[in-house]
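K.L.:
My questions will all concern the structure given below.
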Amino acid sequence: MDNKRTSRLGEILIEKGLLTAAQLDIAIKEQRSRRKNMDPLDQQFAAATSLGEILIELGFIDRLQLNRGLNWQALLRKMTMAMAFCAPFMSFAPTAAAAPKASSSSSTATYTLPLTIQAENYSSMFGMQAEATSDVGGGKDMAYIDANDWLKYANTAFVAPATGVYKITYRVASPGGGGSFALTESDGSIKYDTVSVPSTGGSQKWVNVERTITMVAGTHSLGITALVRGSGFNINWFKVEYMGSPLPVTIQAEDYTSMSGIQTQATTDTGGGLNVGYIDASDWMSYSKSMIYIPTAGSYNITYRVASPGGGGSFALAEADGSVTYDTVSVPNTGGWQTWVSVTRTVNLTAGAHSFKITALARGYGFNINWFKVETPSGGAVSSSSSSVASSAPASSSSSSVASSVVSSTSSSVTSSAVSSSTSSLASSTPTSSSSSSAPAVASSSSSVASSAASSSGSPIQSTVSGAVGFSWVAPTQRENGTPLDITQIGGYEFRYRNINDANYTYVTINDPWMNYYNFNYLSGTYIFQVATYDTNGLYSNFIDVIPK
Ligand code: CA
Ligand code: CA
């Protein structure tokens, strides 16, 4: 990646009349600025600072022109090496006119994504023929494809920036469908996909067929092998795009792509590492390079790991490009800068690639963020209303043990009516067989919620509040069936609350069995508050209604 090499590419493009000197100057300045501002260890560094890619980004050349430039460059290098070898015996210099015509199979370039590969630009091929295409853009397509014919693109290596989901778009035509082909690594080592070609109504009627595959990070080149001829099909090109990591995805707050106003610091939260702190209103972190692939449009849970000595802070979650703001999240009072809780919110996301940005709206008493996690709600539980929160463990099976009784009546700040109903509403429990499953102690807030209090004790209690909202409680000392429950067997407590006008609860997970009080932010309006206890195996009690002090 030396400047000599890249500026040489620029000079070749100028010499071939594809670029002006002024354009090259602009691109080189941009390249220098990116190299100065980016971490060389960043996965995107090579791509983002490649002169060729910058020239394309600036609109000075297209990819075909870049490929030609790279081919010329490779040829010139070969000639230079040959010349150096022959120099003692030669008395003349080569001229540009002496360069043989570029051949796609004679050089290998490594590209960045997204990348469109023309079917006819193969490095090797068996059994097909290229023909002129009447598709948009002209050029050629590959035709006369029979079963077991193949194409290899070892000349078109590209870098997959991360292990994750990739979208492959195939431009195909078929008079009657029925054909299929496999997508492989060019050396045949991996078969990624089997693609069926639909009937497009003609051998020059072109459609895009989109598929997703998973591919590991690193350099790849692809091949296509026809499996079934069917009515016959043609291929004009195919395109490779990175879509993101598959769910669930946890993004460390400190792994931002860019930010404003914040600092990182060591965290004492489980797992260690760093958290983001010193967050003031309008500060932000963008995670534009942490792409997440959402398979289908729908509700997804986003859990934020936060700490705040006094609450009152809030932040917005938006698409990294600013196109959509998904949510406003209030940070509760967790009791300290390094006292961490998980706050889970439900947002609707469209299918496809997403990346996020967090922008502080209010500082309040200040807050820190350690990480956030995007995942599918299990069984759609959290996206449904309170009365139908699904149970991952059969709630009706009360046979043997577990779920703990939750809020003790000895706590003066939890009303006795809530507590007494809790005692009776905690009849449902989880079978012993489940307790041997090794669910993590810090359970995901949605995955193992037992049946809701509402289903066993009627409508949830509504509390009209205005101001600071707090709860305190005493850890339960026995399970539902009377088995003693030691505090060391308790994983923690989970509050959930929602304004009666909201469909979704906000979940606050407190993974500290010794914690016995909790202060929410100032809230105003009519809310439903519920709490559950979970054990170190992640088994939950019912959620029961609680009334704030
Ligand atoms: Ca083509
Ligand atoms: Ca972190």
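So you can find residues: chains in the structure tokens are A, B, ... in the order shown, residues in each start at 1, and ligands are numbered from 1 in order.
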Write out as CSV a residue-level contact list of chain A versus ligand 2 with cut-off 7 Å: for each qualifying residue the closest pair of atoms and the distance in Å to one decimal, counting only C-alpha atoms and all ligand atoms, rows sorted by chain and residue number upward.

P.N.:
residue,atom,partner,partner_atom_place_in_ligand_line,distance
A:Gln252,CA,ligand 2,1 (Ca),4.4
A:Ala253,CA,ligand 2,1 (Ca),5.3
A:Glu254,CA,ligand 2,1 (Ca),5.7
A:Gly273,CA,ligand 2,1 (Ca),5.5
A:Leu274,CA,ligand 2,1 (Ca),4.4
A:Asn275,CA,ligand 2,1 (Ca),4.4
A:Asn370,CA,ligand 2,1 (Ca),4.0
A:Trp371,CA,ligand 2,1 (Ca),5.1

K.L.:
Given the selection you just returned, output its residues as a file containing all heavy atoms, formatted as a PDB file, in the first residue's frame.

P.N.:
ATOM      1  N   GLN A 252     -20.021  -3.501  21.543  1.00  0.00           N
ATOM      2  CA  GLN A 252     -19.432  -2.784  22.659  1.00  0.00           C
ATOM      3  C   GLN A 252     -19.544  -1.290  22.384  1.00  0.00           C
ATOM      4  O   GLN A 252     -19.216  -0.828  21.286  1.00  0.00           O
ATOM      5  CB  GLN A 252     -17.964  -3.185  22.839  1.00  0.00           C
ATOM      6  CG  GLN A 252     -17.786  -4.649  23.236  1.00  0.00           C
ATOM      7  CD  GLN A 252     -18.351  -4.958  24.616  1.00  0.00           C
ATOM      8  OE1 GLN A 252     -18.385  -4.092  25.500  1.00  0.00           O
ATOM      9  NE2 GLN A 252     -18.826  -6.187  24.793  1.00  0.00           N
ATOM     10  N   ALA A 253     -19.990  -0.551  23.377  1.00  0.00           N
ATOM     11  CA  ALA A 253     -20.201   0.891  23.188  1.00  0.00           C
ATOM     12  C   ALA A 253     -18.931   1.583  22.719  1.00  0.00           C
ATOM     13  O   ALA A 253     -18.978   2.547  21.952  1.00  0.00           O
ATOM     14  CB  ALA A 253     -20.699   1.519  24.495  1.00  0.00           C
ATOM     15  N   GLU A 254     -17.780   1.055  23.184  1.00  0.00           N
ATOM     16  CA  GLU A 254     -16.502   1.695  22.855  1.00  0.00           C
ATOM     17  C   GLU A 254     -16.024   1.366  21.447  1.00  0.00           C
ATOM     18  O   GLU A 254     -15.058   1.944  20.968  1.00  0.00           O
ATOM     19  CB  GLU A 254     -15.432   1.275  23.882  1.00  0.00           C
ATOM     20  CG  GLU A 254     -15.093  -0.218  23.899  1.00  0.00           C
ATOM     21  CD  GLU A 254     -16.000  -1.054  24.800  1.00  0.00           C
ATOM     22  OE1 GLU A 254     -17.114  -0.583  25.122  1.00  0.00           O
ATOM     23  OE2 GLU A 254     -15.598  -2.177  25.171  1.00  0.00           O
ATOM     24  N   GLY A 273     -13.347  -4.845  30.268  1.00  0.00           N
ATOM     25  CA  GLY A 273     -13.200  -4.024  29.068  1.00  0.00           C
ATOM     26  C   GLY A 273     -13.464  -2.558  29.370  1.00  0.00           C
ATOM     27  O   GLY A 273     -13.194  -2.076  30.468  1.00  0.00           O
ATOM     28  N   LEU A 274     -14.004  -1.883  28.385  1.00  0.00           N
ATOM     29  CA  LEU A 274     -14.229  -0.446  28.503  1.00  0.00           C
ATOM     30  C   LEU A 274     -15.714  -0.132  28.448  1.00  0.00           C
ATOM     31  O   LEU A 274     -16.505  -0.909  27.928  1.00  0.00           O
ATOM     32  CB  LEU A 274     -13.542   0.296  27.344  1.00  0.00           C
ATOM     33  CG  LEU A 274     -12.027   0.128  27.205  1.00  0.00           C
ATOM     34  CD1 LEU A 274     -11.548   0.849  25.950  1.00  0.00           C
ATOM     35  CD2 LEU A 274     -11.294   0.650  28.429  1.00  0.00           C
ATOM     36  N   ASN A 275     -16.087   1.006  29.007  1.00  0.00           N
ATOM     37  CA  ASN A 275     -17.419   1.563  28.744  1.00  0.00           C
ATOM     38  C   ASN A 275     -17.244   2.977  28.227  1.00  0.00           C
ATOM     39  O   ASN A 275     -16.164   3.571  28.311  1.00  0.00           O
ATOM     40  CB  ASN A 275     -18.313   1.511  29.982  1.00  0.00           C
ATOM     41  CG  ASN A 275     -17.843   2.402  31.113  1.00  0.00           C
ATOM     42  OD1 ASN A 275     -17.286   1.918  32.097  1.00  0.00           O
ATOM     43  ND2 ASN A 275     -18.043   3.708  30.992  1.00  0.00           N
ATOM     44  N   ASN A 370     -22.104   0.505  28.469  1.00  0.00           N
ATOM     45  CA  ASN A 370     -21.058  -0.507  28.283  1.00  0.00           C
ATOM     46  C   ASN A 370     -21.206  -1.199  26.930  1.00  0.00           C
ATOM     47  O   ASN A 370     -20.238  -1.378  26.213  1.00  0.00           O
ATOM     48  CB  ASN A 370     -21.127  -1.528  29.423  1.00  0.00           C
ATOM     49  CG  ASN A 370     -19.978  -2.520  29.375  1.00  0.00           C
ATOM     50  OD1 ASN A 370     -19.089  -2.409  28.526  1.00  0.00           O
ATOM     51  ND2 ASN A 370     -20.000  -3.498  30.260  1.00  0.00           N
ATOM     52  N   TRP A 371     -22.431  -1.612  26.584  1.00  0.00           N
ATOM     53  CA  TRP A 371     -22.680  -2.297  25.322  1.00  0.00           C
ATOM     54  C   TRP A 371     -24.160  -2.226  24.997  1.00  0.00           C
ATOM     55  O   TRP A 371     -24.963  -1.834  25.842  1.00  0.00           O
ATOM     56  CB  TRP A 371     -22.224  -3.762  25.365  1.00  0.00           C
ATOM     57  CG  TRP A 371     -22.600  -4.589  26.565  1.00  0.00           C
ATOM     58  CD1 TRP A 371     -21.804  -4.934  27.613  1.00  0.00           C
ATOM     59  CD2 TRP A 371     -23.887  -5.202  26.848  1.00  0.00           C
ATOM     60  NE1 TRP A 371     -22.503  -5.708  28.517  1.00  0.00           N
ATOM     61  CE2 TRP A 371     -23.770  -5.893  28.076  1.00  0.00           C
ATOM     62  CE3 TRP A 371     -25.118  -5.224  26.182  1.00  0.00           C
ATOM     63  CZ2 TRP A 371     -24.844  -6.591  28.659  1.00  0.00           C
ATOM     64  CZ3 TRP A 371     -26.181  -5.923  26.754  1.00  0.00           C
ATOM     65  CH2 TRP A 371     -26.037  -6.601  27.986  1.00  0.00           C
TER      66      TRP A 371
END

K.L.:
Give me the residues near Ile510 in chain A as a ChimeraX atom specification, where near means some atom within 9 Å (using only C-alpha atoms) and where sequence neighbours in that chain fewer than 5 positions away do not count.

P.N.:
/A:334,340-342,442,491-495,515

K.L.:
Got a sec: who's within 12 Å of Met291 in chain A, counting only C-alpha atoms, leaving out chain neighbours fewer than 4 positions off, as a PyMOL selection string?

P.N.:
chain A and resi 161-166+241-247+249-251+256-257+286-287+319-321+352-357+374

K.L.:
What's around range 64-66 of chain A at 12 Å? Count only C-alpha atoms, leave out sequence neighbours fewer than 2 positions away in its own chain, and write the answer as a ChimeraX atom specification.

P.N.:
/A:6,9-10,12-14,16-19,50-57,59-62,68-73,104,109-111,115-118,121,137,139

K.L.:
Find the residues of chain A that sit at most 9 Å from ligand 1; for each, write down the nearest two atoms and how far apart they are in Å, to one decimal. Count only C-alpha atoms and all ligand atoms. Sort by chain, then by number going up, and give it as a tab-separated table.

P.N.:
residue	atom	partner	partner_atom_place_in_ligand_line	distance
A:Ile117	CA	ligand 1	1 (Ca)	8.0
A:Gln118	CA	ligand 1	1 (Ca)	4.5
A:Ala119	CA	ligand 1	1 (Ca)	5.3
A:Glu120	CA	ligand 1	1 (Ca)	5.7
A:Asn121	CA	ligand 1	1 (Ca)	7.9
A:Ala130	CA	ligand 1	1 (Ca)	8.7
A:Glu131	CA	ligand 1	1 (Ca)	8.9
A:Ala132	CA	ligand 1	1 (Ca)	8.4
A:Thr133	CA	ligand 1	1 (Ca)	7.2
A:Asp135	CA	ligand 1	1 (Ca)	8.4
A:Gly137	CA	ligand 1	1 (Ca)	8.3
A:Gly138	CA	ligand 1	1 (Ca)	7.2
A:Gly139	CA	ligand 1	1 (Ca)	5.4
A:Lys140	CA	ligand 1	1 (Ca)	4.3
A:Asp141	CA	ligand 1	1 (Ca)	4.4
A:Met142	CA	ligand 1	1 (Ca)	7.3
A:Arg171	CA	ligand 1	1 (Ca)	8.8
A:Ile235	CA	ligand 1	1 (Ca)	7.4
A:Asn236	CA	ligand 1	1 (Ca)	4.0
A:Trp237	CA	ligand 1	1 (Ca)	5.1
A:Phe238	CA	ligand 1	1 (Ca)	8.8

K.L.:
Give me, please, the distance in Å between CA of Thr20 in chain A and CA of Leu58 in chain A, quoted to one decimal.

P.N.:
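One can read the CA of Thr20 in chain A to CA of Leu58 in chain A distance as 12.9 Å.
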
K.L.:
Let's see if you can do this: from backbone DSSP, list all strand (DSSP E) residues in range 86-208 of chain A, as JSON, numbers by chain.

P.N.:
{"A": [109, 110, 111, 115, 116, 117, 118, 124, 125, 126, 129, 130, 131, 132, 140, 141, 142, 143, 150, 151, 152, 156, 157, 158, 159, 160, 164, 165, 166, 167, 168, 169, 170, 171, 172, 173, 174, 180, 181, 182, 183, 184, 185, 191, 192, 193, 194, 195, 196, 202, 203, 204, 205, 206, 207, 208]}

K.L.:
Residues near Gly467 in chain A, anyone? I mean within 10 Å using only C-alpha atoms, not counting same-chain ones fewer than 2 positions away, as a list in words.

P.N.:
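These residues fall inside the cut-off: Val465, Val469, Gly470, Phe520, Asn521, Tyr522, Leu523, Ser524 and Gly525 of chain A.
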
K.L.:
Please compute the CA of Asn501 in chain A-CA of Ser330 in chain A distance, one decimal, in Å.

P.N.:
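We find that CA of Asn501 in chain A and CA of Ser330 in chain A lie 16.8 Å from each other.
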
K.L.:
Residues at most 12 Å from Leu227 in chain A, counting only C-alpha atoms, excluding those fewer than 6 positions away in the same chain, as a PyMOL selection string?

P.N.:
chain A and resi 145-150+178-183+193-197+233

K.L.:
Counting only C-alpha atoms, which of A:Thr225, A:Val240, A:Asp512, A:Tyr527 gets nearest to Asp269 in chain A?

P.N.:
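Closest candidate: A:Asp512.
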